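Trainee: Have a look at this one.
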Amino acid sequence: MGMKFTIPSRFVSPLGFLGMLTFVIFIILGITGALLMLWYEPILDRAWDSVENINDTIPFGFHLRNIHYHASNAMVMVALLHMYYQYFSGRYKIRNEILWVTGVILGVLTILEAFTGYDIIFSERAELAISIAASLTNSIPVIGPDMREAFFGGGFSDFILRFYAFHVFWLPIAMLGLMVVHFPRFLVFDVPMVMAFTGAIMITGGVFPVDLGLKFDPNVPPGITVPEWYLTGLYAFLRTMYDKFVTGVLWPGLFIFTLLIIPFVDRYKKFSWKDRPIITAVGITSLAQIIVTTYWGFYIDPDIQKSLLERLVIDPIFFYVVMVLLVPLSFGFTYMMIKLAKNAESKAKAQPKKATGKGPINLPARWVYIIFIGLLIFQIYLNISAYYAVVSGMNNFSLFIIGLMMLVFAGMFHIYRHGRAMEKAPPLLPPKPAIQPKAPSPLPQTSYATTYTVEPSVAEPLAPQQAQKTQPSIGSSQNTKSSSLRTGGNADNSASKQVGASQDTISSTKADNIDKSRNDRAD
Amino acid sequence: MMSQQTPPNLGGKVSRRDFLKLMAAAGTVLTFIPFIDWGKFLPNPTAQVSERAKVELPDGSQANLNSFPVNHAEAVIYPKTDDPTLNSESFRTWQFIRLPEELGGSNNDVSSFRMYSMVCLHLWCLWKYWPEPGRKRGECPCHGSLYDPLTGVAFAGPASLQSPPSNVLPMLDLEADQNGAIWIKPPNWSPNGNGVVGFGRYLKE
């Protein structure tokens, strides 16, 4: 038997789509950004006004700016989730280190891209962000001031032009290059999911339209502002007023470095988070610290009687004690979660596997048409609403409606796909055995019933196997049966070769374990 | 792949699959229709002026029938914005001319005034009106195109050799109020209307 190639089952965990979604959002950002470039002016005294012009005067400028802004947030968020999913499921193993390393660098560039993006508006908040970035670069020992000179230029006028160049050219081009290397071995793509996600971004833009902020005026003291959510964690560290270089450069640098070396530190031979307790605990610790510092960076004492400094400064002792305390807490939490998961696993193993709710939903053909026509009518209604929303100047409402239309499209696509699958199926499901030999059928088109009945067994090949792994005394006949279930075609073959079958399956368990991870690595 | 299941298309009946495909196509079209309108993002909306505007002379005053000298021209910014950079661009500069006496410049109504785009139709230099005796015409400094102040037609030089509408300058329509103050009527930026700056205008019969 040995190694075998497995076709990825049709069902992939929704988390497996995160990498593809990040790329799709990158494309959305590229398109909307390219359009915004037509009106944006990277000039000190005109930048903010040109953004205001886009937002208020140019038709659909509001829409494009909001999609661009919310997509940038979505990209950072989805990239982070993607990273943690890959982290906890151990996907950086078996010669995937390069994907992980390029992924981490891509993540850093994504945040820099988003950061330079919200800086070139040159509002009060942007000015604060630029000055912090410049002063952090300055604080780097020895090379800092020269680096600042080289990357940021001499003053605000240079900053804004250079941040613009970074934002629209240098960073995206570097990201594209890295993406070529980062390109996954298994690419999953799903039109409804992409459309639904695009719709969700538009709806967010319609419900929470981004404001312009106040134009920066060096003669007016700026109000209290906090950076975007992906930087408030760093901001919290800066607000402890401890050394700038340590808090603002060294800590994040250390964090990124730790992420980079993770695949070379993680020597566990297994993939699941349950089987890699220390790595999982480190991941949970980092998540806990990110969440706590992100919230802390946002929080500003609302008591306006106090002085500005008093409200802003975070007590470093309190802060770092919390950071340290989060470590044992996270390790304990991880220990508990692994215990619970293993417990649930053995319980599930004790009971016969019951059919999960993943079976096909059989929608009668008539209902396919009725729902489809209903959605079409709804789409027409939304079209009319979107038109009138734009005509009456309700930009955010029209953006919301167009987002809704994307969602409806996703629904229609689902129904269409279902209708097509039903069409291919014979009118009645013939009573076939659940375990079908998966011999290559002479007809290229497998019948509906076959694909759907075989699939659950293909989708979860590990279930009987994990039982084997933890309980090797289950019996060789059982083993051969489960392995024949997986391989399908040679069921009779392996049954006849009873001698040495158990040895065979034990060796195949390892191989299948790797197979399984390959199978699922659909990023 | 699935051709074998298609029933023969008899009597013009639409098969199930075709109907499904039709609905999918309709749904896709309906979803993307709103984005057609998004094309409005591209043209500059500030070129559209819906109200009449003052003829604002360089000294800041509004041009008046009773005070503007005959056989004289001024550069006027139109459409004027709050942005000095935009105001300084040549596509917003117009030559406001009171015709010489022999062309009817002494009439006390708007018929004695003309307002042409200063962008030469040849290669977009800025021409201007020369009131000296013997000239009394628009002259482009770059390649010597000459423009007739009465109609805006290029009568000599490279611009005159271009085919219509690129041999006639865009022109704005004017009107005067009771006080004699001169206003610019809302323009129609098309070759058949007031013309396209830098491109030209069809001469009306």
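So you can find residues: chains in the structure tokens are A, B, ... in the order shown, residues in each start at 1, and ligands are numbered from 1 in order.
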Please find the residues of chain B near chain A - the criterion being any atom within 6 Å, counting only C-alpha atoms - and write them as a ChimeraX atom specification.

Mentor: /B:27,31,38,40-41

Trainee: Filtering to N, CA and C atoms, could you give me those residues as a short mmCIF file (atom, residue, chain, number, x, y, z; two decimals), in the first residue's frame?

Mentor:
```
data_model
loop_
_atom_site.label_atom_id
_atom_site.label_comp_id
_atom_site.auth_asym_id
_atom_site.auth_seq_id
_atom_site.Cartn_x
_atom_site.Cartn_y
_atom_site.Cartn_z
N GLY B 27 -29.37 36.22 -12.93
CA GLY B 27 -28.91 36.59 -11.58
C GLY B 27 -27.57 37.28 -11.62
N THR B 31 -26.86 41.13 -10.55
CA THR B 31 -25.94 41.44 -9.46
C THR B 31 -24.95 42.54 -9.86
N TRP B 38 -21.11 52.90 -11.54
CA TRP B 38 -19.87 53.29 -10.85
C TRP B 38 -18.87 53.90 -11.81
N LYS B 40 -19.28 56.48 -13.24
CA LYS B 40 -19.30 57.92 -12.99
C LYS B 40 -18.15 58.37 -12.11
N PHE B 41 -17.49 57.41 -11.49
CA PHE B 41 -16.33 57.75 -10.66
C PHE B 41 -15.23 58.37 -11.51
#
```

Trainee: Need to verify the contact set: Ser166 of chain B, 12 Å, only C-alpha atoms, exclusion of same-chain residues closer than 6 positions in sequence. Can you return it as an MDAnalysis selection string?

Mentor: chainID B and resid 119:124 152:155 158:160 191:192 195:203

Trainee: Would you pick out the contacts of Tyr78 of chain B at 7 Å or less, using only C-alpha atoms, so that residues sharing its chain but fewer than 2 positions from it are not included, and give the list as a list of chain:residue names?

Mentor: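 Skipping anything fewer than 2 positions along the chain leaves B:Val76, B:Lys80, B:Arg92, B:Thr93, B:Trp94.
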
Trainee: Go ahead and dump the residues you just picked, C-alpha atoms, as a PDB file, in the first residue's frame.

Mentor:
```pdb
ATOM      1  CA  VAL B  76     -11.023  84.658 -17.324  1.00  0.00           C
ATOM      2  CA  LYS B  80     -13.599  78.798 -11.075  1.00  0.00           C
ATOM      3  CA  ARG B  92      -9.894  76.608 -17.230  1.00  0.00           C
ATOM      4  CA  THR B  93      -8.581  79.744 -18.936  1.00  0.00           C
ATOM      5  CA  TRP B  94     -10.814  81.569 -21.385  1.00  0.00           C
TER       6      TRP B  94
END
```

Trainee: Using only C-alpha atoms, determine which residues lie at most 9 Å from Ile140 of chain A, disregarding the query and same-chain residues fewer than 6 positions distant; provide the list as a PyMOL selection string.

Mentor: chain A and resi 147+244-245+249

Trainee: Keeping only C-alpha atoms, write the selected residues to a file as a PDB file, in the first residue's frame.

Mentor:
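Full text of out37.pdb as output:
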```pdb
ATOM      1  CA  MET A 147      17.345  54.823   8.342  1.00  0.00           C
ATOM      2  CA  LYS A 244      10.831  53.638  22.943  1.00  0.00           C
ATOM      3  CA  PHE A 245      13.207  51.275  21.226  1.00  0.00           C
ATOM      4  CA  VAL A 249      10.862  48.027  18.047  1.00  0.00           C
TER       5      VAL A 249
END
```

Trainee: Taking only C-alpha atoms into account, name the residue in B:Glu132, B:Asp59, B:Asp82, B:Glu51 that is nearest to Pro187 of chain B.

Mentor: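 Nearest to Pro187 of chain B: B:Glu51.
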
Trainee: Could you go through segment 137-376 of chain A and tell me which residues DSSP, when run on the backbone, assigns to helix (DSSP H, G or I), listing them as JSON, numbers by chain?

Mentor: {"A": [137, 138, 144, 145, 146, 147, 148, 149, 150, 151, 152, 156, 157, 158, 159, 160, 161, 162, 163, 164, 165, 166, 167, 168, 169, 170, 171, 172, 173, 174, 175, 176, 177, 178, 179, 180, 181, 182, 191, 192, 193, 194, 195, 196, 197, 198, 199, 200, 201, 202, 203, 204, 205, 206, 207, 232, 233, 234, 235, 236, 237, 238, 244, 245, 246, 247, 248, 249, 250, 251, 252, 253, 254, 255, 256, 257, 258, 259, 260, 261, 262, 263, 264, 265, 273, 274, 275, 277, 278, 279, 280, 281, 282, 283, 284, 285, 286, 287, 288, 289, 290, 291, 292, 293, 294, 295, 296, 297, 298, 308, 309, 310, 311, 312, 316, 317, 318, 319, 320, 321, 322, 323, 324, 325, 326, 327, 328, 329, 330, 331, 332, 333, 334, 335, 336, 337, 338, 339, 340, 341, 342, 343, 344, 345, 346, 347, 348, 349, 350, 365, 366, 367, 368, 369, 370, 371, 372, 373, 374, 375, 376]}

Trainee: Just asking: which residues within segment 32-199 of chain B are strand (DSSP E or B) according to DSSP, as a PyMOL selection string?

Mentor: chain B and resi 53-54+56+62+64+72-77+93-98+113-117+119+126+128-130+137-139+146-147+153-156+168+171+174-176+181-184+196

Trainee: Write out as a tab-separated table (two decimals) with C-alpha atoms, in the first residue's frame which residues come within 8 Å of segment 110-117 of chain B when counting only C-alpha atoms, dropping same-chain ones fewer than 2 positions away.

Mentor:
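Wrote selection.tsv, looks like this:
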```tsv
chain	number	residue	atom	x	y	z
B	65	LEU	CA	-21.33	96.00	-20.78
B	91	PHE	CA	-8.16	74.12	-19.50
B	92	ARG	CA	-9.89	76.61	-17.23
B	93	THR	CA	-8.58	79.74	-18.94
B	94	TRP	CA	-10.81	81.57	-21.39
B	95	GLN	CA	-10.27	84.66	-23.49
B	96	PHE	CA	-13.03	87.18	-22.87
B	97	ILE	CA	-13.04	89.53	-25.86
B	98	ARG	CA	-14.98	92.69	-26.71
B	99	LEU	CA	-14.88	92.77	-30.48
B	103	LEU	CA	-16.97	93.59	-36.05
B	104	GLY	CA	-19.80	95.08	-33.98
B	105	GLY	CA	-17.93	95.66	-30.73
B	106	SER	CA	-19.72	98.93	-30.00
B	107	ASN	CA	-23.19	97.34	-29.61
B	108	ASN	CA	-24.36	97.73	-26.04
B	119	VAL	CA	-6.24	76.37	-25.37
B	120	CYS	CA	-5.01	76.29	-28.96
B	149	PRO	CA	-12.38	86.69	-32.99
B	150	LEU	CA	-15.89	86.84	-34.49
B	152	GLY	CA	-13.51	81.34	-33.24
B	169	LEU	CA	-12.55	77.13	-30.70
B	170	PRO	CA	-14.98	76.16	-27.92
B	171	MET	CA	-17.12	79.14	-27.03
B	172	LEU	CA	-19.22	79.99	-23.98
B	173	ASP	CA	-22.68	81.58	-24.21
B	174	LEU	CA	-23.07	84.90	-22.44
B	175	GLU	CA	-25.95	86.94	-21.11
B	176	ALA	CA	-26.27	90.37	-19.50
B	182	ILE	CA	-22.18	89.78	-17.90
B	197	VAL	CA	-11.74	72.33	-24.60
B	198	GLY	CA	-8.64	71.36	-26.55
```

Trainee: To one decimal place, how far is atom CA of Phe397 of chain A from atom CA of Gly206 of chain A in Å?

Mentor: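 Between these atoms lies a distance of 5.8 Å.
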
Trainee: Using atom CA of Asn362 of chain A and atom CA of Gly411 of chain A as the two end points, give the distance in Å to one decimal.

Mentor: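 Answer for the atom CA of Asn362 of chain A to atom CA of Gly411 of chain A separation: 16.0 Å.
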
Trainee: Segment 19-24 of chain A: which residues within 8 Å, counting only C-alpha atoms, same-chain residues fewer than 4 positions away excluded, as a PDB file with N, CA and C atoms, in the first residue's frame?

Mentor:
```
ATOM      1  N   ILE A  28      -9.162  42.877  -4.355  1.00  0.00           N
ATOM      2  CA  ILE A  28     -10.168  43.931  -4.190  1.00  0.00           C
ATOM      3  C   ILE A  28      -9.482  45.249  -3.831  1.00  0.00           C
ATOM      4  N   MET A  75      -8.469  42.340   5.468  1.00  0.00           N
ATOM      5  CA  MET A  75      -7.279  41.599   5.040  1.00  0.00           C
ATOM      6  C   MET A  75      -6.369  41.316   6.231  1.00  0.00           C
ATOM      7  N   VAL A  78      -8.206  38.640   8.378  1.00  0.00           N
ATOM      8  CA  VAL A  78      -8.230  37.312   7.756  1.00  0.00           C
ATOM      9  C   VAL A  78      -6.829  36.717   7.704  1.00  0.00           C
ATOM     10  N   ALA A  79      -5.829  37.568   7.438  1.00  0.00           N
ATOM     11  CA  ALA A  79      -4.450  37.066   7.406  1.00  0.00           C
ATOM     12  C   ALA A  79      -4.046  36.548   8.784  1.00  0.00           C
ATOM     13  N   HIS A  82      -5.821  33.307   9.395  1.00  0.00           N
ATOM     14  CA  HIS A  82      -5.170  32.317   8.538  1.00  0.00           C
ATOM     15  C   HIS A  82      -3.897  31.811   9.202  1.00  0.00           C
ATOM     16  N   LEU A 187      -5.041  24.745  -3.665  1.00  0.00           N
ATOM     17  CA  LEU A 187      -5.771  26.004  -3.686  1.00  0.00           C
ATOM     18  C   LEU A 187      -7.255  25.688  -3.712  1.00  0.00           C
ATOM     19  N   VAL A 188      -7.969  26.235  -2.761  1.00  0.00           N
ATOM     20  CA  VAL A 188      -9.409  26.064  -2.804  1.00  0.00           C
ATOM     21  C   VAL A 188     -10.022  27.403  -3.174  1.00  0.00           C
ATOM     22  N   PHE A 189     -11.015  27.339  -3.983  1.00  0.00           N
ATOM     23  CA  PHE A 189     -11.674  28.571  -4.402  1.00  0.00           C
ATOM     24  C   PHE A 189     -13.164  28.299  -4.442  1.00  0.00           C
ATOM     25  N   VAL A 194     -16.460  33.802  -1.784  1.00  0.00           N
ATOM     26  CA  VAL A 194     -15.796  35.061  -2.131  1.00  0.00           C
ATOM     27  C   VAL A 194     -16.819  36.183  -2.252  1.00  0.00           C
ATOM     28  N   ASP A 523      -4.915  25.695   1.702  1.00  0.00           N
ATOM     29  CA  ASP A 523      -4.873  27.095   2.088  1.00  0.00           C
ATOM     30  C   ASP A 523      -4.771  27.894   0.828  1.00  0.00           C
TER      31      ASP A 523
END
```

Trainee: Here is a test: counting only C-alpha atoms, which residue of B:Val168, B:Leu126, B:Ala24, B:Met118 is nearest to Cys142 of chain B?

Mentor: B:Leu126

Trainee: Taking only C-alpha atoms into account, which of B:Cys125, B:Pro164, B:Thr46, B:Glu102 comes nearest Leu86 of chain B?

Mentor: B:Thr46

Trainee: For each of A:Val168, A:Val180, A:Ile120, A:Ala174, take the minimum atom-to-atom distance to Phe216 of chain A, counting only C-alpha atoms, then give the residue where this is smallest.

Mentor: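 Among the listed residues, the smallest separation from Phe216 of chain A belongs to A:Ile120.
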